[in-house]
file structure-v4.cif (mmCIF, C-alpha atoms)
data_coords
loop_
_atom_site.label_atom_id
_atom_site.label_comp_id
_atom_site.auth_asym_id
_atom_site.auth_seq_id
_atom_site.Cartn_x
_atom_site.Cartn_y
_atom_site.Cartn_z
CA MET A 1 8.38 -4.43 11.59
CA THR A 2 6.72 -7.55 12.99
CA LEU A 3 3.08 -7.44 11.97
CA GLN A 4 0.54 -8.24 14.66
CA TYR A 5 -2.69 -6.77 13.36
CA THR A 6 -2.16 -6.62 9.60
CA GLU A 7 -1.01 -8.86 6.77
CA VAL A 8 0.68 -7.92 3.49
CA THR A 9 1.06 -10.03 0.36
CA LYS A 10 2.27 -9.25 -3.16
CA ASP A 11 1.74 -11.35 -6.25
CA PRO A 12 3.93 -11.53 -9.38
CA ARG A 13 1.64 -9.11 -11.26
CA GLY A 14 2.33 -6.34 -8.77
CA VAL A 15 -0.96 -6.60 -6.89
CA ALA A 16 -0.46 -5.93 -3.16
CA SER A 17 -3.03 -6.87 -0.54
CA LEU A 18 -3.08 -5.01 2.77
CA VAL A 19 -5.27 -6.91 5.21
CA LEU A 20 -6.76 -5.86 8.54
CA ASN A 21 -6.27 -8.93 10.71
CA ARG A 22 -8.00 -8.61 14.08
CA PRO A 23 -11.15 -10.62 13.35
CA GLU A 24 -11.62 -11.47 17.04
CA VAL A 25 -12.46 -7.79 17.68
CA HIS A 26 -14.08 -7.16 14.29
CA ASN A 27 -10.87 -5.54 12.99
CA ALA A 28 -11.23 -2.58 15.32
CA PHE A 29 -8.12 -0.43 15.10
CA ASP A 30 -5.90 1.06 17.76
CA ASP A 31 -2.62 2.95 17.74
CA LEU A 32 -0.64 -0.21 16.96
CA MET A 33 -2.76 -1.16 13.95
CA ILE A 34 -2.65 2.43 12.70
CA ALA A 35 1.16 2.43 12.99
CA GLU A 36 1.35 -0.87 11.09
CA LEU A 37 -0.91 0.41 8.33
CA ILE A 38 1.10 3.62 7.96
CA ALA A 39 4.38 1.70 7.77
CA GLN A 40 3.02 -0.71 5.17
CA LEU A 41 1.54 2.07 3.04
CA ASP A 42 4.90 3.85 3.06
CA SER A 43 6.71 0.65 2.09
CA LEU A 44 4.25 -0.27 -0.68
CA ALA A 45 4.19 3.27 -2.07
CA ALA A 46 7.97 3.16 -2.45
CA ASP A 47 7.89 -0.26 -4.14
CA ASN A 48 8.07 0.24 -7.90
CA GLN A 49 6.84 -3.32 -8.46
CA VAL A 50 3.45 -2.54 -6.89
CA LYS A 51 0.82 -1.59 -9.45
CA VAL A 52 -2.45 -2.00 -7.50
CA LEU A 53 -3.27 -1.99 -3.78
CA VAL A 54 -6.23 -3.96 -2.41
CA LEU A 55 -7.36 -3.09 1.13
CA LYS A 56 -9.47 -5.76 2.81
CA SER A 57 -9.94 -7.59 6.10
CA ASN A 58 -10.21 -11.06 7.55
CA GLY A 59 -13.36 -12.19 9.33
CA LYS A 60 -17.04 -11.37 9.31
CA ASN A 61 -16.70 -7.58 9.40
CA PHE A 62 -14.52 -5.11 7.56
CA SER A 63 -13.91 -3.00 10.67
CA ALA A 64 -15.87 -1.88 13.70
CA GLY A 65 -13.87 1.36 13.82
CA ALA A 66 -11.89 2.39 16.88
CA ASP A 67 -11.02 -0.23 19.48
CA LEU A 68 -12.94 0.28 22.74
CA ASN A 69 -9.91 -0.28 24.96
CA TRP A 70 -7.92 2.23 22.92
CA MET A 71 -10.70 4.82 23.23
CA ARG A 72 -10.92 4.12 26.95
CA SER A 73 -7.19 4.77 27.34
CA MET A 74 -7.36 7.99 25.33
CA ALA A 75 -10.18 9.29 27.53
CA LYS A 76 -7.72 9.26 30.43
CA LYS A 77 -5.06 11.26 28.57
CA ASP A 78 -4.70 15.02 28.26
CA TYR A 79 -5.35 17.28 25.30
CA GLN A 80 -1.81 17.13 23.87
CA GLN A 81 -1.73 13.34 24.07
CA ASN A 82 -5.07 13.17 22.30
CA LEU A 83 -3.82 15.63 19.68
CA ASP A 84 -0.75 13.50 19.01
CA ASP A 85 -2.86 10.35 18.85
CA ALA A 86 -5.34 11.88 16.41
CA ALA A 87 -2.42 12.94 14.21
CA GLY A 88 -1.61 9.27 13.69
CA LEU A 89 -5.07 8.50 12.36
CA ALA A 90 -4.96 11.66 10.22
CA SER A 91 -1.64 10.51 8.75
CA LEU A 92 -3.12 7.09 7.92
CA MET A 93 -6.08 8.62 6.10
CA HIS A 94 -3.89 11.04 4.15
CA LYS A 95 -1.39 8.36 3.12
CA LEU A 96 -4.19 6.06 1.92
CA ASP A 97 -5.95 8.90 0.11
CA THR A 98 -2.77 9.99 -1.69
CA PHE A 99 -1.31 6.51 -2.30
CA PRO A 100 0.35 6.78 -5.73
CA LYS A 101 -1.11 3.57 -7.17
CA PRO A 102 -4.82 2.71 -7.63
CA THR A 103 -6.48 1.47 -4.45
CA LEU A 104 -9.43 -0.90 -4.17
CA VAL A 105 -11.26 -1.59 -0.91
CA LEU A 106 -13.43 -4.64 -0.27
CA VAL A 107 -16.12 -4.30 2.39
CA GLN A 108 -17.98 -7.14 4.07
CA GLY A 109 -20.13 -6.90 7.17
CA ALA A 110 -19.81 -3.75 9.25
CA ALA A 111 -17.76 -0.66 8.43
CA PHE A 112 -18.28 1.75 11.30
CA GLY A 113 -16.73 5.02 12.43
CA GLY A 114 -13.18 5.46 11.20
CA ALA A 115 -13.59 2.47 8.88
CA VAL A 116 -15.93 4.60 6.76
CA GLY A 117 -12.97 6.95 6.37
CA LEU A 118 -10.80 4.11 5.06
CA VAL A 119 -13.47 3.28 2.48
CA ALA A 120 -13.79 6.93 1.41
CA CYS A 121 -10.01 7.25 0.99
CA CYS A 122 -9.77 4.42 -1.55
CA ASP A 123 -10.15 5.03 -5.27
CA ILE A 124 -12.66 2.23 -5.82
CA ALA A 125 -14.93 0.59 -3.25
CA LEU A 126 -16.81 -2.69 -3.55
CA ALA A 127 -19.24 -3.90 -0.90
CA GLU A 128 -21.14 -7.10 -0.31
CA GLU A 129 -24.93 -6.93 -0.11
CA ASN A 130 -24.81 -7.60 3.61
CA ALA A 131 -22.42 -4.73 4.32
CA SER A 132 -23.57 -1.92 6.59
CA PHE A 133 -22.10 1.46 7.41
CA CYS A 134 -22.38 3.92 10.26
CA LEU A 135 -20.77 7.20 11.22
CA SER A 136 -21.39 6.33 14.83
CA GLU A 137 -19.23 8.88 16.66
CA VAL A 138 -21.94 11.18 18.03
CA LYS A 139 -23.57 8.22 19.79
CA ILE A 140 -20.67 8.17 22.23
CA GLY A 141 -20.13 11.91 22.45
CA LEU A 142 -17.49 12.22 19.72
CA ILE A 143 -17.38 13.54 16.14
CA PRO A 144 -16.02 12.04 12.89
CA ALA A 145 -13.44 14.82 12.69
CA VAL A 146 -10.32 13.27 11.17
CA ILE A 147 -12.23 11.31 8.51
CA SER A 148 -14.65 14.15 7.71
CA PRO A 149 -12.81 15.65 4.68
CA TYR A 150 -12.74 12.29 2.91
CA VAL A 151 -16.25 11.20 3.84
CA MET A 152 -17.74 14.58 2.92
CA ARG A 153 -16.00 14.43 -0.46
CA ALA A 154 -17.66 11.05 -1.09
CA LEU A 155 -21.13 11.79 0.32
CA GLY A 156 -21.37 15.50 -0.33
CA GLU A 157 -22.12 18.13 2.28
CA ARG A 158 -25.90 17.61 2.26
CA GLN A 159 -25.85 13.87 2.95
CA SER A 160 -23.02 14.29 5.45
CA ARG A 161 -25.23 16.60 7.47
CA ARG A 162 -27.70 13.80 7.95
CA TYR A 163 -25.37 10.90 8.67
CA PHE A 164 -22.86 12.82 10.81
CA LEU A 165 -25.70 14.03 13.03
CA THR A 166 -27.99 11.00 13.23
CA ALA A 167 -25.38 8.20 13.38
CA GLU A 168 -27.89 6.10 11.45
CA ARG A 169 -26.81 2.73 10.20
CA PHE A 170 -27.23 2.40 6.42
CA ASN A 171 -26.94 -0.57 4.09
CA ALA A 172 -24.77 -1.22 1.05
CA THR A 173 -27.42 -0.10 -1.42
CA THR A 174 -27.72 3.24 0.34
CA ALA A 175 -23.92 3.52 0.45
CA GLU A 176 -23.86 3.03 -3.32
CA THR A 177 -26.57 5.66 -3.82
CA LEU A 178 -24.68 8.11 -1.60
CA GLY A 179 -21.46 7.57 -3.54
CA LEU A 180 -19.49 5.93 -0.74
CA VAL A 181 -19.14 2.66 -2.66
CA HIS A 182 -19.06 2.14 -6.40
CA GLN A 183 -20.60 -1.33 -6.64
CA VAL A 184 -22.60 -3.71 -4.49
CA VAL A 185 -22.00 -7.37 -5.20
CA SER A 186 -23.74 -10.51 -4.05
CA ASN A 187 -22.46 -12.07 -0.85
CA ASP A 188 -19.40 -14.29 -1.21
CA THR A 189 -18.48 -12.89 -4.65
CA LEU A 190 -16.42 -9.98 -3.38
CA GLU A 191 -13.07 -11.54 -4.25
CA THR A 192 -14.28 -12.63 -7.70
CA GLN A 193 -15.49 -9.15 -8.58
CA ALA A 194 -12.29 -7.66 -7.21
CA LYS A 195 -10.13 -9.93 -9.38
CA SER A 196 -11.99 -8.78 -12.47
CA LEU A 197 -11.54 -5.12 -11.56
CA VAL A 198 -7.86 -5.60 -10.72
CA GLN A 199 -7.31 -7.24 -14.09
CA THR A 200 -8.90 -4.23 -15.76
CA LEU A 201 -6.58 -1.88 -13.87
CA LEU A 202 -3.54 -3.94 -14.85
CA GLN A 203 -4.28 -3.41 -18.54
CA ASN A 204 -3.48 0.29 -18.21
CA SER A 205 -0.16 2.10 -18.18
CA PRO A 206 1.09 2.14 -14.56
CA ALA A 207 2.68 5.56 -15.03
CA ALA A 208 -0.46 6.98 -16.63
CA VAL A 209 -2.69 5.58 -13.88
CA SER A 210 -0.51 7.20 -11.21
CA ALA A 211 -0.45 10.46 -13.17
CA ALA A 212 -4.23 10.38 -13.59
CA LYS A 213 -4.66 9.88 -9.85
CA HIS A 214 -2.32 12.80 -9.13
CA LEU A 215 -4.26 14.92 -11.65
CA LEU A 216 -7.52 14.21 -9.81
CA GLN A 217 -5.96 15.30 -6.53
CA GLN A 218 -4.63 18.51 -8.06
CA ILE A 219 -7.75 19.77 -9.85
CA TYR A 220 -10.71 18.44 -7.85
CA ASN A 221 -13.06 21.15 -6.61
CA LYS A 222 -10.98 23.99 -8.03
CA ASN A 223 -12.24 26.78 -10.23
CA ILE A 224 -11.37 26.40 -13.90
CA ASN A 225 -8.96 29.31 -14.04
CA ASN A 226 -5.65 30.01 -15.77
CA GLU A 227 -3.73 28.09 -13.11
CA VAL A 228 -5.80 24.95 -13.58
CA ILE A 229 -5.66 25.23 -17.37
CA ALA A 230 -1.88 25.63 -17.25
CA HIS A 231 -1.57 22.62 -14.94
CA THR A 232 -3.63 20.36 -17.18
CA THR A 233 -1.82 21.37 -20.38
CA GLN A 234 1.52 20.77 -18.70
CA ALA A 235 0.33 17.40 -17.40
CA ILE A 236 -0.67 16.08 -20.83
CA ALA A 237 2.54 17.39 -22.44
CA GLU A 238 4.67 15.66 -19.80
CA ILE A 239 2.89 12.32 -20.13
CA ARG A 240 3.06 12.43 -23.95
CA VAL A 241 6.85 12.67 -23.92
CA SER A 242 7.31 10.16 -21.07
CA ALA A 243 8.58 6.65 -21.76
CA GLU A 244 5.22 4.97 -21.18
CA GLY A 245 3.38 7.71 -23.04
CA GLN A 246 5.58 7.16 -26.08
CA GLU A 247 5.25 3.39 -25.79
CA GLY A 248 1.47 3.54 -25.43
CA LEU A 249 1.01 5.79 -28.46
CA SER A 250 3.40 3.69 -30.55
CA ALA A 251 1.65 0.45 -29.57
CA PHE A 252 -1.74 1.93 -30.42
CA LEU A 253 -0.59 3.17 -33.84
CA GLU A 254 1.26 -0.08 -34.59
CA LYS A 255 -1.70 -2.18 -33.43
CA ARG A 256 0.30 -4.16 -30.87
CA LYS A 257 0.26 -4.64 -27.13
CA PRO A 258 2.21 -2.11 -25.06
CA ASN A 259 5.23 -3.40 -23.16
CA TRP A 260 3.61 -3.10 -19.73
CA LEU A 261 1.28 -6.00 -20.57
#
call {"tool": "encode", "arguments": {"input": "structure-v4.cif", "output": "structure tokens"}}
result
Amino acid sequence: MTLQYTEVTKDPRGVASLVLNRPEVHNAFDDLMIAELIAQLDSLAADNQVKVLVLKSNGKNFSAGADLNWMRSMAKKDYQQNLDDAAGLASLMHKLDTFPKPTLVLVQGAAFGGAVGLVACCDIALAEENASFCLSEVKIGLIPAVISPYVMRALGERQSRRYFLTAERFNATTAETLGLVHQVVSNDTLETQAKSLVQTLLQNSPAAVSAAKHLLQQIYNKNINNEVIAHTTQAIAEIRVSAEGQEGLSAFLEKRKPNWL
């Protein structure tokens, strides 16, 4: 696929960067960008050399959300066409949310509408002090439907009630308080802070990190019942006898570095 609106790079350590690259329209996304992002997520997920995924964007703003021309074209289409179109965005969110390697998103400037969903789908979110966020859909007669499961998981139902209904713009500090982002950093230090966090992630067993992420997806918000208990006991038994589990335990006991470093 020839990339028009995104960029992908991979370094020798296995760190992949997926970059939104429409700075002239504040990285607003349309069906083409969504298709590119889905294709790249599929490719990177299947790449065993990839250990960490960093989602970021070029330009002043992370993303203004949906492209105005795209929304204008969808307003002229029928229900089934809109249903099919929304399924593309839903697929993007799901693939990012369930990406098998750790994901880190870097937010500068504005992250509006669907872009808030991208942030909520990533495992770790860093934002510059000047970043701002807005679930702006109701201002133009829409709702944040496709992104709602991910945003509500991050903000909680109570805070989502406020920001879904008011479409208020909120700053990075508020986003951190709400749980949408993990850390606010000073302007122009986003990449530096990201490099430090990526290096921390790379110290860990790639297989264990992926398994831990899968574990979170399997047990979050479930009652602690016999099924959950059985799942967790099976999960730890499987990782203990796995190649990296054995190597990690041996390295720890022998006081040496594991072979993934």
call {"tool": "residues_near_point", "arguments": {"input": "structure-v4.cif", "point": "(-22.0, -3.8, -1.4)", "cutoff": "10 Å", "atoms": "only C-alpha atoms", "output": "ChimeraX atom specification"}}
result
/A:106-109,125-132,171-176,181-187,190
call {"tool": "resolve_selection", "arguments": {"input": "structure-v4.cif", "expression": "the PyMOL selection byres ((chain A and resi 138) around 10)", "output": "ChimeraX atom specification"}}
result
/A:113,135-137,139-144,163-167
call {"tool": "resolve_selection", "arguments": {"input": "structure-v4.cif", "expression": "the PyMOL selection byres ((chain A and resi 235-242) around 12)", "output": "PyMOL selection string"}}
result
chain A and resi 205-216+218-219+228-234+243-250
call {"tool": "residues_around", "arguments": {"input": "structure-v4.cif", "residues": "Val50 in chain A", "least_positions_apart": "2", "cutoff": "8 Å", "atoms": "only C-alpha atoms", "output": "list in words"}}
result
Lys10, Gly14, Val15, Ala16, Leu44, Ala45, Asp47, Asn48, Val52, Leu53 and Lys101 of chain A
call {"tool": "atom_distance", "arguments": {"input": "structure-v4.cif", "atom1": "CA of Thr9 in chain A", "atom2": "CA of Ala194 in chain A"}}
result
15.5 Å
call {"tool": "residues_near_point", "arguments": {"input": "structure-v4.cif", "point": "(-5.0, -5.0, 4.8)", "cutoff": "10 Å", "atoms": "only C-alpha atoms", "output": "ChimeraX atom specification"}}
result
/A:5-9,16-21,36-37,40-41,53-58,62,105-106
call {"tool": "atom_distance", "arguments": {"input": "structure-v4.cif", "atom1": "CA of Gly59 in chain A", "atom2": "CA of His26 in chain A"}}
result
7.1 Å
call {"tool": "atom_distance", "arguments": {"input": "structure-v4.cif", "atom1": "CA of Ala154 in chain A", "atom2": "CA of Thr177 in chain A"}}
result
10.8 Å
call {"tool": "resolve_selection", "arguments": {"input": "structure-v4.cif", "expression": "the PyMOL selection byres ((chain A and resi 69-79) around 12)", "output": "list in words"}}
result
Val25, Ala28, Phe29, Asp30, Asp31, Leu32, Met33, Ile34, Gly65, Ala66, Asp67, Leu68, Gln80, Gln81, Asn82, Leu83, Asp84, Asp85, Ala86, Glu137, Ile140, Gly141 and Leu142 of chain A
call {"tool": "closest_residue", "arguments": {"input": "structure-v4.cif", "among": "A:Ser196, A:Ser91, A:Gln49, A:Asn223", "to": "Leu104 in chain A", "atoms": "all atoms listed in the file"}}
result
A:Ser196
call {"tool": "residues_around", "arguments": {"input": "structure-v4.cif", "residues": "range 156-160 of chain A", "least_positions_apart": "5", "cutoff": "9 Å", "atoms": "only C-alpha atoms", "output": "PyMOL selection string"}}
result
chain A and resi 148+151+165+178-179
call {"tool": "closest_residue", "arguments": {"input": "structure-v4.cif", "among": "A:Phe112, A:Glu227, A:Cys121, A:Thr189", "to": "Phe170 in chain A", "atoms": "all atoms listed in the file"}}
result
A:Phe112
call {"tool": "closest_residue", "arguments": {"input": "structure-v4.cif", "among": "A:Leu201, A:Ala64, A:Leu96, A:Met152", "to": "Gly114 in chain A", "atoms": "only C-alpha atoms"}}
result
A:Ala64
call {"tool": "build_atoms", "arguments": {"input": "structure-v4.cif", "residues": "range 8-33 of chain A", "atoms": "N, CA and C atoms", "output": "PDB file, keeping the file's coordinate frame"}}
result
ATOM      1  N   VAL A   8       0.361  -8.481   4.803  1.00  0.00           N
ATOM      2  CA  VAL A   8       0.680  -7.920   3.490  1.00  0.00           C
ATOM      3  C   VAL A   8       1.155  -9.039   2.582  1.00  0.00           C
ATOM      4  N   THR A   9       0.597  -9.091   1.382  1.00  0.00           N
ATOM      5  CA  THR A   9       1.060 -10.030   0.360  1.00  0.00           C
ATOM      6  C   THR A   9       1.201  -9.283  -0.953  1.00  0.00           C
ATOM      7  N   LYS A  10       2.094  -9.795  -1.816  1.00  0.00           N
ATOM      8  CA  LYS A  10       2.270  -9.250  -3.160  1.00  0.00           C
ATOM      9  C   LYS A  10       2.356 -10.403  -4.141  1.00  0.00           C
ATOM     10  N   ASP A  11       1.663 -10.284  -5.260  1.00  0.00           N
ATOM     11  CA  ASP A  11       1.740 -11.350  -6.250  1.00  0.00           C
ATOM     12  C   ASP A  11       2.659 -10.922  -7.407  1.00  0.00           C
ATOM     13  N   PRO A  12       2.990 -11.845  -8.307  1.00  0.00           N
ATOM     14  CA  PRO A  12       3.930 -11.530  -9.380  1.00  0.00           C
ATOM     15  C   PRO A  12       3.464 -10.429 -10.330  1.00  0.00           C
ATOM     16  N   ARG A  13       2.166 -10.158 -10.363  1.00  0.00           N
ATOM     17  CA  ARG A  13       1.640  -9.110 -11.260  1.00  0.00           C
ATOM     18  C   ARG A  13       1.846  -7.715 -10.685  1.00  0.00           C
ATOM     19  N   GLY A  14       2.192  -7.638  -9.406  1.00  0.00           N
ATOM     20  CA  GLY A  14       2.330  -6.340  -8.770  1.00  0.00           C
ATOM     21  C   GLY A  14       1.093  -5.920  -8.010  1.00  0.00           C
ATOM     22  N   VAL A  15       0.241  -6.881  -7.674  1.00  0.00           N
ATOM     23  CA  VAL A  15      -0.960  -6.600  -6.890  1.00  0.00           C
ATOM     24  C   VAL A  15      -0.643  -6.858  -5.422  1.00  0.00           C
ATOM     25  N   ALA A  16      -0.727  -5.819  -4.600  1.00  0.00           N
ATOM     26  CA  ALA A  16      -0.460  -5.930  -3.160  1.00  0.00           C
ATOM     27  C   ALA A  16      -1.781  -5.950  -2.407  1.00  0.00           C
ATOM     28  N   SER A  17      -1.861  -6.807  -1.414  1.00  0.00           N
ATOM     29  CA  SER A  17      -3.030  -6.870  -0.540  1.00  0.00           C
ATOM     30  C   SER A  17      -2.611  -6.450   0.863  1.00  0.00           C
ATOM     31  N   LEU A  18      -3.300  -5.467   1.404  1.00  0.00           N
ATOM     32  CA  LEU A  18      -3.080  -5.010   2.770  1.00  0.00           C
ATOM     33  C   LEU A  18      -4.326  -5.395   3.565  1.00  0.00           C
ATOM     34  N   VAL A  19      -4.140  -6.257   4.559  1.00  0.00           N
ATOM     35  CA  VAL A  19      -5.270  -6.910   5.210  1.00  0.00           C
ATOM     36  C   VAL A  19      -5.343  -6.537   6.688  1.00  0.00           C
ATOM     37  N   LEU A  20      -6.506  -6.052   7.118  1.00  0.00           N
ATOM     38  CA  LEU A  20      -6.760  -5.860   8.540  1.00  0.00           C
ATOM     39  C   LEU A  20      -6.982  -7.238   9.152  1.00  0.00           C
ATOM     40  N   ASN A  21      -6.244  -7.557  10.209  1.00  0.00           N
ATOM     41  CA  ASN A  21      -6.270  -8.930  10.710  1.00  0.00           C
ATOM     42  C   ASN A  21      -6.444  -8.986  12.230  1.00  0.00           C
ATOM     43  N   ARG A  22      -7.589  -8.448  12.682  1.00  0.00           N
ATOM     44  CA  ARG A  22      -8.000  -8.610  14.080  1.00  0.00           C
ATOM     45  C   ARG A  22      -9.454  -9.081  14.114  1.00  0.00           C
ATOM     46  N   PRO A  23      -9.744 -10.196  13.467  1.00  0.00           N
ATOM     47  CA  PRO A  23     -11.150 -10.620  13.350  1.00  0.00           C
ATOM     48  C   PRO A  23     -11.822 -10.860  14.689  1.00  0.00           C
ATOM     49  N   GLU A  24     -11.028 -11.188  15.722  1.00  0.00           N
ATOM     50  CA  GLU A  24     -11.620 -11.470  17.040  1.00  0.00           C
ATOM     51  C   GLU A  24     -12.247 -10.238  17.665  1.00  0.00           C
ATOM     52  N   VAL A  25     -11.850  -9.033  17.205  1.00  0.00           N
ATOM     53  CA  VAL A  25     -12.460  -7.790  17.680  1.00  0.00           C
ATOM     54  C   VAL A  25     -13.040  -7.005  16.501  1.00  0.00           C
ATOM     55  N   HIS A  26     -13.457  -7.745  15.470  1.00  0.00           N
ATOM     56  CA  HIS A  26     -14.080  -7.160  14.290  1.00  0.00           C
ATOM     57  C   HIS A  26     -13.183  -6.126  13.611  1.00  0.00           C
ATOM     58  N   ASN A  27     -11.861  -6.397  13.641  1.00  0.00           N
ATOM     59  CA  ASN A  27     -10.870  -5.540  12.990  1.00  0.00           C
ATOM     60  C   ASN A  27     -10.923  -4.090  13.462  1.00  0.00           C
ATOM     61  N   ALA A  28     -11.298  -3.920  14.724  1.00  0.00           N
ATOM     62  CA  ALA A  28     -11.230  -2.580  15.320  1.00  0.00           C
ATOM     63  C   ALA A  28      -9.758  -2.153  15.360  1.00  0.00           C
ATOM     64  N   PHE A  29      -9.507  -0.859  15.135  1.00  0.00           N
ATOM     65  CA  PHE A  29      -8.120  -0.430  15.100  1.00  0.00           C
ATOM     66  C   PHE A  29      -7.736   0.423  16.304  1.00  0.00           C
ATOM     67  N   ASP A  30      -6.483   0.278  16.676  1.00  0.00           N
ATOM     68  CA  ASP A  30      -5.900   1.060  17.760  1.00  0.00           C
ATOM     69  C   ASP A  30      -4.611   1.690  17.261  1.00  0.00           C
ATOM     70  N   ASP A  31      -3.832   2.263  18.167  1.00  0.00           N
ATOM     71  CA  ASP A  31      -2.620   2.950  17.740  1.00  0.00           C
ATOM     72  C   ASP A  31      -1.619   2.003  17.093  1.00  0.00           C
ATOM     73  N   LEU A  32      -1.570   0.749  17.534  1.00  0.00           N
ATOM     74  CA  LEU A  32      -0.640  -0.210  16.960  1.00  0.00           C
ATOM     75  C   LEU A  32      -1.044  -0.571  15.528  1.00  0.00           C
ATOM     76  N   MET A  33      -2.314  -0.850  15.308  1.00  0.00           N
ATOM     77  CA  MET A  33      -2.760  -1.160  13.950  1.00  0.00           C
ATOM     78  C   MET A  33      -2.549   0.030  13.030  1.00  0.00           C
TER      79      MET A  33
END
